[in-house]
$ cat input-v1.txt   # compact mmCIF, N, CA and C atoms
# COMPACT_ATOMS: atom_id res chain seq x y z
N LEU A 1 -66.70 24.10 -7.51
CA LEU A 1 -65.54 24.71 -6.88
C LEU A 1 -64.39 24.89 -7.86
N THR A 2 -64.66 24.79 -9.12
CA THR A 2 -63.62 24.92 -10.13
C THR A 2 -62.91 26.26 -10.01
N GLY A 3 -61.60 26.22 -9.96
CA GLY A 3 -60.81 27.44 -9.93
C GLY A 3 -60.83 28.18 -8.61
N THR A 4 -61.28 27.56 -7.55
CA THR A 4 -61.33 28.20 -6.25
C THR A 4 -60.06 27.88 -5.46
N ILE A 5 -59.45 28.93 -4.90
CA ILE A 5 -58.22 28.77 -4.12
C ILE A 5 -58.41 29.45 -2.77
N ALA A 6 -58.14 28.73 -1.70
CA ALA A 6 -58.24 29.28 -0.35
C ALA A 6 -56.93 29.02 0.38
N ILE A 7 -56.32 30.08 0.88
CA ILE A 7 -55.08 29.98 1.63
C ILE A 7 -55.26 30.73 2.94
N GLY A 8 -55.18 30.03 4.05
CA GLY A 8 -55.35 30.66 5.35
C GLY A 8 -56.36 29.90 6.19
N HIS A 9 -56.19 29.96 7.50
CA HIS A 9 -57.08 29.25 8.42
C HIS A 9 -58.51 29.74 8.25
N GLN A 10 -59.44 28.86 7.99
CA GLN A 10 -60.86 29.10 7.81
C GLN A 10 -61.20 29.95 6.57
N ALA A 11 -60.29 30.07 5.63
CA ALA A 11 -60.60 30.79 4.39
C ALA A 11 -61.56 29.96 3.55
N LEU A 12 -62.66 30.54 3.12
CA LEU A 12 -63.69 29.90 2.29
C LEU A 12 -64.16 28.56 2.85
N THR A 13 -64.28 28.44 4.16
CA THR A 13 -64.68 27.16 4.75
C THR A 13 -66.13 26.78 4.47
N ALA A 14 -67.00 27.74 4.18
CA ALA A 14 -68.41 27.43 3.93
C ALA A 14 -68.73 27.20 2.46
N ILE A 15 -67.76 27.38 1.58
CA ILE A 15 -68.02 27.30 0.14
C ILE A 15 -68.54 25.91 -0.23
N THR A 16 -69.64 25.89 -1.00
CA THR A 16 -70.24 24.62 -1.41
C THR A 16 -70.26 24.43 -2.91
N SER A 17 -70.54 25.51 -3.65
CA SER A 17 -70.62 25.36 -5.10
C SER A 17 -70.08 26.56 -5.87
N GLY A 18 -69.56 27.55 -5.19
CA GLY A 18 -69.02 28.72 -5.88
C GLY A 18 -67.77 28.37 -6.67
N ALA A 19 -67.48 29.11 -7.73
CA ALA A 19 -66.32 28.85 -8.57
C ALA A 19 -65.52 30.13 -8.81
N GLY A 20 -64.25 29.97 -9.10
CA GLY A 20 -63.41 31.10 -9.46
C GLY A 20 -63.14 32.08 -8.34
N ASN A 21 -63.10 31.61 -7.11
CA ASN A 21 -62.82 32.48 -5.97
C ASN A 21 -61.37 32.34 -5.53
N LEU A 22 -60.81 33.45 -5.04
CA LEU A 22 -59.48 33.44 -4.44
C LEU A 22 -59.60 34.12 -3.08
N ALA A 23 -59.25 33.42 -2.03
CA ALA A 23 -59.28 33.98 -0.68
C ALA A 23 -57.94 33.69 -0.01
N VAL A 24 -57.28 34.75 0.44
CA VAL A 24 -55.98 34.61 1.09
C VAL A 24 -56.03 35.36 2.41
N GLY A 25 -55.86 34.65 3.51
CA GLY A 25 -55.86 35.27 4.82
C GLY A 25 -56.79 34.57 5.78
N TYR A 26 -56.55 34.76 7.05
CA TYR A 26 -57.37 34.18 8.11
C TYR A 26 -58.83 34.59 7.94
N GLN A 27 -59.73 33.64 7.81
CA GLN A 27 -61.17 33.81 7.65
C GLN A 27 -61.57 34.64 6.43
N ALA A 28 -60.74 34.73 5.43
CA ALA A 28 -61.12 35.44 4.20
C ALA A 28 -62.24 34.66 3.53
N GLY A 29 -63.34 35.31 3.22
CA GLY A 29 -64.48 34.66 2.60
C GLY A 29 -65.14 33.61 3.47
N LEU A 30 -65.10 33.81 4.76
CA LEU A 30 -65.56 32.82 5.74
C LEU A 30 -66.95 32.25 5.46
N THR A 31 -67.93 33.09 5.13
CA THR A 31 -69.31 32.61 4.99
C THR A 31 -69.78 32.45 3.54
N ALA A 32 -68.91 32.67 2.59
CA ALA A 32 -69.29 32.53 1.18
C ALA A 32 -69.65 31.07 0.90
N THR A 33 -70.82 30.84 0.34
CA THR A 33 -71.26 29.46 0.06
C THR A 33 -71.34 29.18 -1.43
N THR A 34 -72.02 30.04 -2.17
CA THR A 34 -72.19 29.83 -3.61
C THR A 34 -71.62 31.00 -4.42
N ALA A 35 -70.85 31.84 -3.78
CA ALA A 35 -70.28 33.01 -4.44
C ALA A 35 -69.33 32.60 -5.56
N THR A 36 -69.24 33.45 -6.59
CA THR A 36 -68.32 33.19 -7.69
C THR A 36 -67.53 34.44 -8.03
N GLY A 37 -66.30 34.24 -8.47
CA GLY A 37 -65.48 35.33 -8.99
C GLY A 37 -65.02 36.35 -7.98
N ASN A 38 -64.88 35.98 -6.72
CA ASN A 38 -64.39 36.92 -5.71
C ASN A 38 -62.88 36.80 -5.53
N THR A 39 -62.24 37.94 -5.27
CA THR A 39 -60.83 37.97 -4.90
C THR A 39 -60.77 38.68 -3.56
N LEU A 40 -60.42 37.95 -2.51
CA LEU A 40 -60.44 38.47 -1.14
C LEU A 40 -59.07 38.25 -0.52
N ILE A 41 -58.34 39.33 -0.30
CA ILE A 41 -56.97 39.22 0.20
C ILE A 41 -56.82 40.04 1.47
N GLY A 42 -56.47 39.38 2.57
CA GLY A 42 -56.28 40.02 3.86
C GLY A 42 -57.07 39.30 4.93
N ASP A 43 -56.57 39.34 6.15
CA ASP A 43 -57.27 38.70 7.27
C ASP A 43 -58.70 39.22 7.37
N LYS A 44 -59.66 38.31 7.41
CA LYS A 44 -61.09 38.59 7.51
C LYS A 44 -61.64 39.40 6.34
N SER A 45 -60.91 39.47 5.25
CA SER A 45 -61.39 40.16 4.07
C SER A 45 -62.62 39.44 3.52
N GLY A 46 -63.72 40.15 3.39
CA GLY A 46 -64.96 39.56 2.91
C GLY A 46 -65.45 38.42 3.79
N SER A 47 -65.18 38.52 5.09
CA SER A 47 -65.48 37.39 5.98
C SER A 47 -66.97 37.10 6.14
N TYR A 48 -67.84 38.06 5.92
CA TYR A 48 -69.29 37.80 5.97
C TYR A 48 -69.93 38.23 4.67
N THR A 49 -69.27 37.92 3.57
CA THR A 49 -69.74 38.30 2.25
C THR A 49 -70.21 37.08 1.49
N THR A 50 -71.41 37.15 0.93
CA THR A 50 -71.92 36.05 0.11
C THR A 50 -72.15 36.48 -1.33
N GLY A 51 -71.88 37.73 -1.65
CA GLY A 51 -72.06 38.22 -3.02
C GLY A 51 -70.98 37.71 -3.95
N SER A 52 -71.10 38.02 -5.24
CA SER A 52 -70.17 37.56 -6.26
C SER A 52 -69.47 38.72 -6.96
N LYS A 53 -68.34 38.39 -7.57
CA LYS A 53 -67.56 39.33 -8.39
C LYS A 53 -67.11 40.56 -7.60
N ASN A 54 -66.61 40.32 -6.39
CA ASN A 54 -66.08 41.38 -5.54
C ASN A 54 -64.57 41.24 -5.43
N THR A 55 -63.89 42.37 -5.33
CA THR A 55 -62.46 42.38 -5.08
C THR A 55 -62.23 43.19 -3.81
N ALA A 56 -61.60 42.58 -2.81
CA ALA A 56 -61.35 43.25 -1.54
C ALA A 56 -59.90 43.03 -1.15
N LEU A 57 -59.21 44.11 -0.80
CA LEU A 57 -57.80 44.04 -0.45
C LEU A 57 -57.58 44.77 0.87
N GLY A 58 -57.06 44.06 1.87
CA GLY A 58 -56.74 44.68 3.15
C GLY A 58 -57.47 44.04 4.31
N TYR A 59 -56.92 44.23 5.48
CA TYR A 59 -57.46 43.67 6.72
C TYR A 59 -58.91 44.08 6.91
N GLN A 60 -59.80 43.12 7.04
CA GLN A 60 -61.24 43.29 7.24
C GLN A 60 -61.93 44.11 6.16
N SER A 61 -61.34 44.19 4.99
CA SER A 61 -62.00 44.93 3.91
C SER A 61 -63.23 44.18 3.43
N PHE A 62 -64.27 44.89 3.16
CA PHE A 62 -65.54 44.36 2.66
C PHE A 62 -66.12 43.30 3.59
N SER A 63 -66.01 43.53 4.88
CA SER A 63 -66.55 42.60 5.87
C SER A 63 -67.68 43.26 6.64
N ALA A 64 -68.60 42.45 7.07
CA ALA A 64 -69.67 42.90 7.96
C ALA A 64 -69.35 42.35 9.35
N THR A 65 -70.08 42.76 10.34
CA THR A 65 -69.81 42.27 11.70
C THR A 65 -70.51 40.95 11.96
N ASP A 66 -71.80 40.94 11.94
CA ASP A 66 -72.52 39.70 12.17
C ASP A 66 -73.62 39.48 11.13
N ASP A 67 -73.91 40.47 10.32
CA ASP A 67 -74.88 40.32 9.25
C ASP A 67 -74.14 39.93 7.98
N THR A 68 -74.84 39.33 7.07
CA THR A 68 -74.23 38.91 5.82
C THR A 68 -74.32 40.02 4.78
N ASN A 69 -73.20 40.29 4.13
CA ASN A 69 -73.12 41.28 3.07
C ASN A 69 -73.37 40.55 1.75
N THR A 70 -74.44 40.88 1.04
CA THR A 70 -74.78 40.19 -0.20
C THR A 70 -74.44 41.00 -1.44
N ALA A 71 -73.75 42.11 -1.28
CA ALA A 71 -73.42 42.99 -2.41
C ALA A 71 -72.51 42.28 -3.41
N SER A 72 -72.64 42.67 -4.68
CA SER A 72 -71.82 42.10 -5.75
C SER A 72 -71.23 43.22 -6.60
N HIS A 73 -70.20 42.89 -7.36
CA HIS A 73 -69.54 43.79 -8.31
C HIS A 73 -68.93 45.02 -7.62
N ASN A 74 -68.12 44.80 -6.59
CA ASN A 74 -67.48 45.88 -5.85
C ASN A 74 -65.97 45.70 -5.80
N ASN A 75 -65.26 46.82 -5.73
CA ASN A 75 -63.82 46.83 -5.51
C ASN A 75 -63.57 47.65 -4.25
N VAL A 76 -62.89 47.05 -3.26
CA VAL A 76 -62.67 47.71 -1.99
C VAL A 76 -61.21 47.58 -1.60
N VAL A 77 -60.60 48.71 -1.22
CA VAL A 77 -59.23 48.71 -0.74
C VAL A 77 -59.23 49.37 0.62
N ARG A 78 -58.53 48.76 1.58
CA ARG A 78 -58.50 49.34 2.92
C ARG A 78 -57.06 49.39 3.43
N TRP A 79 -56.69 50.56 3.94
CA TRP A 79 -55.38 50.73 4.57
C TRP A 79 -55.59 50.83 6.06
N VAL A 80 -55.05 49.89 6.80
CA VAL A 80 -55.23 49.86 8.25
C VAL A 80 -54.36 50.91 8.94
N MET A 81 -53.19 51.20 8.39
CA MET A 81 -52.26 52.12 9.05
C MET A 81 -52.87 53.49 9.32
N VAL A 82 -53.69 53.98 8.41
CA VAL A 82 -54.29 55.29 8.60
C VAL A 82 -55.77 55.21 8.99
N ARG A 83 -56.25 54.00 9.17
CA ARG A 83 -57.64 53.77 9.59
C ARG A 83 -58.66 54.40 8.64
N GLN A 84 -58.37 54.36 7.37
CA GLN A 84 -59.30 54.89 6.39
C GLN A 84 -59.65 53.80 5.39
N GLN A 85 -60.79 53.95 4.76
CA GLN A 85 -61.21 52.99 3.76
C GLN A 85 -61.58 53.74 2.50
N MET A 86 -61.10 53.25 1.39
CA MET A 86 -61.44 53.84 0.12
C MET A 86 -62.21 52.81 -0.71
N VAL A 87 -63.35 53.19 -1.20
CA VAL A 87 -64.14 52.29 -2.03
C VAL A 87 -64.09 52.81 -3.45
N ILE A 88 -63.69 51.97 -4.37
CA ILE A 88 -63.60 52.35 -5.78
C ILE A 88 -64.74 51.66 -6.50
N LEU A 89 -65.64 52.43 -7.07
CA LEU A 89 -66.80 51.85 -7.76
C LEU A 89 -66.55 51.82 -9.24
$ encode --input "input-v1.txt" --output "C-alpha cells"
Amino acid sequence: LTGTIAIGHQALTAITSGAGNLAVGYQAGLTATTATGNTLIGDKSGSYTTGSKNTALGYQSFSATDDTNTASHNNVVRWVMVRQQMVIL
C-alpha cells in the first residue's frame, strides 16, 4: 500500500496490496484490490475498476454498474453538467 491515499467514505476500501493509488471522493476506487498507479477523483470515480495506471476525473467517471472494469492505461474525463463523456486515449 505504499504511496496510496484515499480520501472519502469507502474510497479504496477493498485495497489489499496495490501501491501508488490516489482516490478522492465517495466510493472512489471502491473495488480496487491490487491495482497500482491509479488516480481517481470524483464521487464513484473508478468505483468498479480493478485495472492499473488509470486516471479518471469526474462524477462516476470510469465506473461500471455491477461488473468489474479491468481495463488499464486509460485517461477519462467526465463533465456531468452537459451529460457527456470524453475519453482521451
$ closest_residue --input "input-v1.txt" --among "A:Thr4, A:Thr55, A:Ser63, A:Ser47" --to "Leu22 in chain A" --atoms "only C-alpha atoms"
A:Thr4
$ atom_distance --input "input-v1.txt" --atom1 "atom C of Thr16 in chain A" --atom2 "atom C of Arg78 in chain A"
28.9 Å
$ residues_around --input "input-v1.txt" --residues "Thr34 in chain A" --least-positions-apart "2" --cutoff "6.5 Å" --atoms "only N, CA and C atoms" --output "list in words"
Ala14, Ile15, Thr16, Ser17, Gly18, Ala19, Ala32, Thr36 and Thr50 of chain A
$ write_last_selection --input "input-v1.txt" --atoms "N, CA and C atoms" --output "mmCIF file, in the coordinates of the input"
data_model
loop_
_atom_site.group_PDB
_atom_site.id
_atom_site.type_symbol
_atom_site.label_atom_id
_atom_site.label_comp_id
_atom_site.auth_asym_id
_atom_site.auth_seq_id
_atom_site.Cartn_x
_atom_site.Cartn_y
_atom_site.Cartn_z
ATOM 1 N N ALA A 14 -67.000 27.740 4.180
ATOM 2 C CA ALA A 14 -68.410 27.430 3.930
ATOM 3 C C ALA A 14 -68.730 27.200 2.460
ATOM 4 N N ILE A 15 -67.760 27.380 1.580
ATOM 5 C CA ILE A 15 -68.020 27.300 0.140
ATOM 6 C C ILE A 15 -68.540 25.910 -0.230
ATOM 7 N N THR A 16 -69.640 25.890 -1.000
ATOM 8 C CA THR A 16 -70.240 24.620 -1.410
ATOM 9 C C THR A 16 -70.260 24.430 -2.910
ATOM 10 N N SER A 17 -70.540 25.510 -3.650
ATOM 11 C CA SER A 17 -70.620 25.360 -5.100
ATOM 12 C C SER A 17 -70.080 26.560 -5.870
ATOM 13 N N GLY A 18 -69.560 27.550 -5.190
ATOM 14 C CA GLY A 18 -69.020 28.720 -5.880
ATOM 15 C C GLY A 18 -67.770 28.370 -6.670
ATOM 16 N N ALA A 19 -67.480 29.110 -7.730
ATOM 17 C CA ALA A 19 -66.320 28.850 -8.570
ATOM 18 C C ALA A 19 -65.520 30.130 -8.810
ATOM 19 N N ALA A 32 -68.910 32.670 2.590
ATOM 20 C CA ALA A 32 -69.290 32.530 1.180
ATOM 21 C C ALA A 32 -69.650 31.070 0.900
ATOM 22 N N THR A 36 -69.240 33.450 -6.590
ATOM 23 C CA THR A 36 -68.320 33.190 -7.690
ATOM 24 C C THR A 36 -67.530 34.440 -8.030
ATOM 25 N N THR A 50 -71.410 37.150 0.930
ATOM 26 C CA THR A 50 -71.920 36.050 0.110
ATOM 27 C C THR A 50 -72.150 36.480 -1.330
#
$ atom_distance --input "input-v1.txt" --atom1 "CA of Phe62 in chain A" --atom2 "CA of Val76 in chain A"
6.4 Å
$ atom_distance --input "input-v1.txt" --atom1 "atom C of His73 in chain A" --atom2 "atom N of Thr31 in chain A"
17.5 Å
$ axis_aligned_box --input "input-v1.txt" --around "range 45-53 of chain A" --padding-each-side "3 Å" --output "JSON"
{"center_x": -66.5, "center_y": 38.3, "center_z": -1.1, "size_x": 17.2, "size_y": 10.5, "size_z": 20.5}
$ residues_around --input "input-v1.txt" --residues "Gly37 in chain A" --least-positions-apart "4" --cutoff "5 Å" --atoms "all atoms listed in the file" --output "list of chain:residue names"
A:Ala19, A:Gly20, A:Asn21, A:Lys53, A:Asn54
$ residues_around --input "input-v1.txt" --residues "Gly29 in chain A" --least-positions-apart "4" --cutoff "8 Å" --atoms "only C-alpha atoms" --output "PDB file with N, CA and C atoms, keeping the file's coordinate frame"
ATOM      1  N   ALA A  11     -60.290  30.070   5.630  1.00  0.00           N
ATOM      2  CA  ALA A  11     -60.600  30.790   4.390  1.00  0.00           C
ATOM      3  C   ALA A  11     -61.560  29.960   3.550  1.00  0.00           C
ATOM      4  N   LEU A  12     -62.660  30.540   3.120  1.00  0.00           N
ATOM      5  CA  LEU A  12     -63.690  29.900   2.290  1.00  0.00           C
ATOM      6  C   LEU A  12     -64.160  28.560   2.850  1.00  0.00           C
ATOM      7  N   THR A  13     -64.280  28.440   4.160  1.00  0.00           N
ATOM      8  CA  THR A  13     -64.680  27.160   4.750  1.00  0.00           C
ATOM      9  C   THR A  13     -66.130  26.780   4.470  1.00  0.00           C
ATOM     10  N   ALA A  23     -59.250  33.420  -2.030  1.00  0.00           N
ATOM     11  CA  ALA A  23     -59.280  33.980  -0.680  1.00  0.00           C
ATOM     12  C   ALA A  23     -57.940  33.690  -0.010  1.00  0.00           C
ATOM     13  N   LEU A  40     -60.420  37.950  -2.510  1.00  0.00           N
ATOM     14  CA  LEU A  40     -60.440  38.470  -1.140  1.00  0.00           C
ATOM     15  C   LEU A  40     -59.070  38.250  -0.520  1.00  0.00           C
ATOM     16  N   LYS A  44     -59.660  38.310   7.410  1.00  0.00           N
ATOM     17  CA  LYS A  44     -61.090  38.590   7.510  1.00  0.00           C
ATOM     18  C   LYS A  44     -61.640  39.400   6.340  1.00  0.00           C
ATOM     19  N   SER A  45     -60.910  39.470   5.250  1.00  0.00           N
ATOM     20  CA  SER A  45     -61.390  40.160   4.070  1.00  0.00           C
ATOM     21  C   SER A  45     -62.620  39.440   3.520  1.00  0.00           C
ATOM     22  N   GLY A  46     -63.720  40.150   3.390  1.00  0.00           N
ATOM     23  CA  GLY A  46     -64.960  39.560   2.910  1.00  0.00           C
ATOM     24  C   GLY A  46     -65.450  38.420   3.790  1.00  0.00           C
ATOM     25  N   SER A  47     -65.180  38.520   5.090  1.00  0.00           N
ATOM     26  CA  SER A  47     -65.480  37.390   5.980  1.00  0.00           C
ATOM     27  C   SER A  47     -66.970  37.100   6.140  1.00  0.00           C
ATOM     28  N   TYR A  48     -67.840  38.060   5.920  1.00  0.00           N
ATOM     29  CA  TYR A  48     -69.290  37.800   5.970  1.00  0.00           C
ATOM     30  C   TYR A  48     -69.930  38.230   4.670  1.00  0.00           C
ATOM     31  N   THR A  49     -69.270  37.920   3.570  1.00  0.00           N
ATOM     32  CA  THR A  49     -69.740  38.300   2.250  1.00  0.00           C
ATOM     33  C   THR A  49     -70.210  37.080   1.490  1.00  0.00           C
ATOM     34  N   THR A  50     -71.410  37.150   0.930  1.00  0.00           N
ATOM     35  CA  THR A  50     -71.920  36.050   0.110  1.00  0.00           C
ATOM     36  C   THR A  50     -72.150  36.480  -1.330  1.00  0.00           C
TER      37      THR A  50
END
$ closest_residue --input "input-v1.txt" --among "A:Ala56, A:Val77, A:Gly51, A:Thr2" --to "Thr39 in chain A" --atoms "only N, CA and C atoms"
A:Ala56
$ select_by_dssp --input "input-v1.txt" --residues "chain A" --states "strand (DSSP E)" --output "ChimeraX atom specification"
/A:5-7,22-24,39-41,55-57,75-79,84-88
$ residues_around --input "input-v1.txt" --residues "Ile41 in chain A" --least-positions-apart "4" --cutoff "5 Å" --atoms "all atoms listed in the file" --output "list in words"
Val24, Ala56, Leu57 and Gly58 of chain A
$ residues_around --input "input-v1.txt" --residues "Asp43 in chain A" --least-positions-apart "6" --cutoff "6.5 Å" --atoms "only N, CA and C atoms" --output "compact mmCIF listing (two decimals) with N, CA and C atoms, keeping the file's coordinate frame"
# COMPACT_ATOMS: atom_id res chain seq x y z
N VAL A 24 -57.28 34.75 0.44
CA VAL A 24 -55.98 34.61 1.09
C VAL A 24 -56.03 35.36 2.41
N GLY A 25 -55.86 34.65 3.51
CA GLY A 25 -55.86 35.27 4.82
C GLY A 25 -56.79 34.57 5.78
N TYR A 26 -56.55 34.76 7.05
CA TYR A 26 -57.37 34.18 8.11
C TYR A 26 -58.83 34.59 7.94
N GLN A 27 -59.73 33.64 7.81
CA GLN A 27 -61.17 33.81 7.65
C GLN A 27 -61.57 34.64 6.43
N ALA A 28 -60.74 34.73 5.43
CA ALA A 28 -61.12 35.44 4.20
C ALA A 28 -62.24 34.66 3.53
N GLY A 58 -57.06 44.06 1.87
CA GLY A 58 -56.74 44.68 3.15
C GLY A 58 -57.47 44.04 4.31
N TYR A 59 -56.92 44.23 5.48
CA TYR A 59 -57.46 43.67 6.72
C TYR A 59 -58.91 44.08 6.91
N GLN A 60 -59.80 43.12 7.04
CA GLN A 60 -61.24 43.29 7.24
C GLN A 60 -61.93 44.11 6.16
N SER A 61 -61.34 44.19 4.99
CA SER A 61 -62.00 44.93 3.91
C SER A 61 -63.23 44.18 3.43
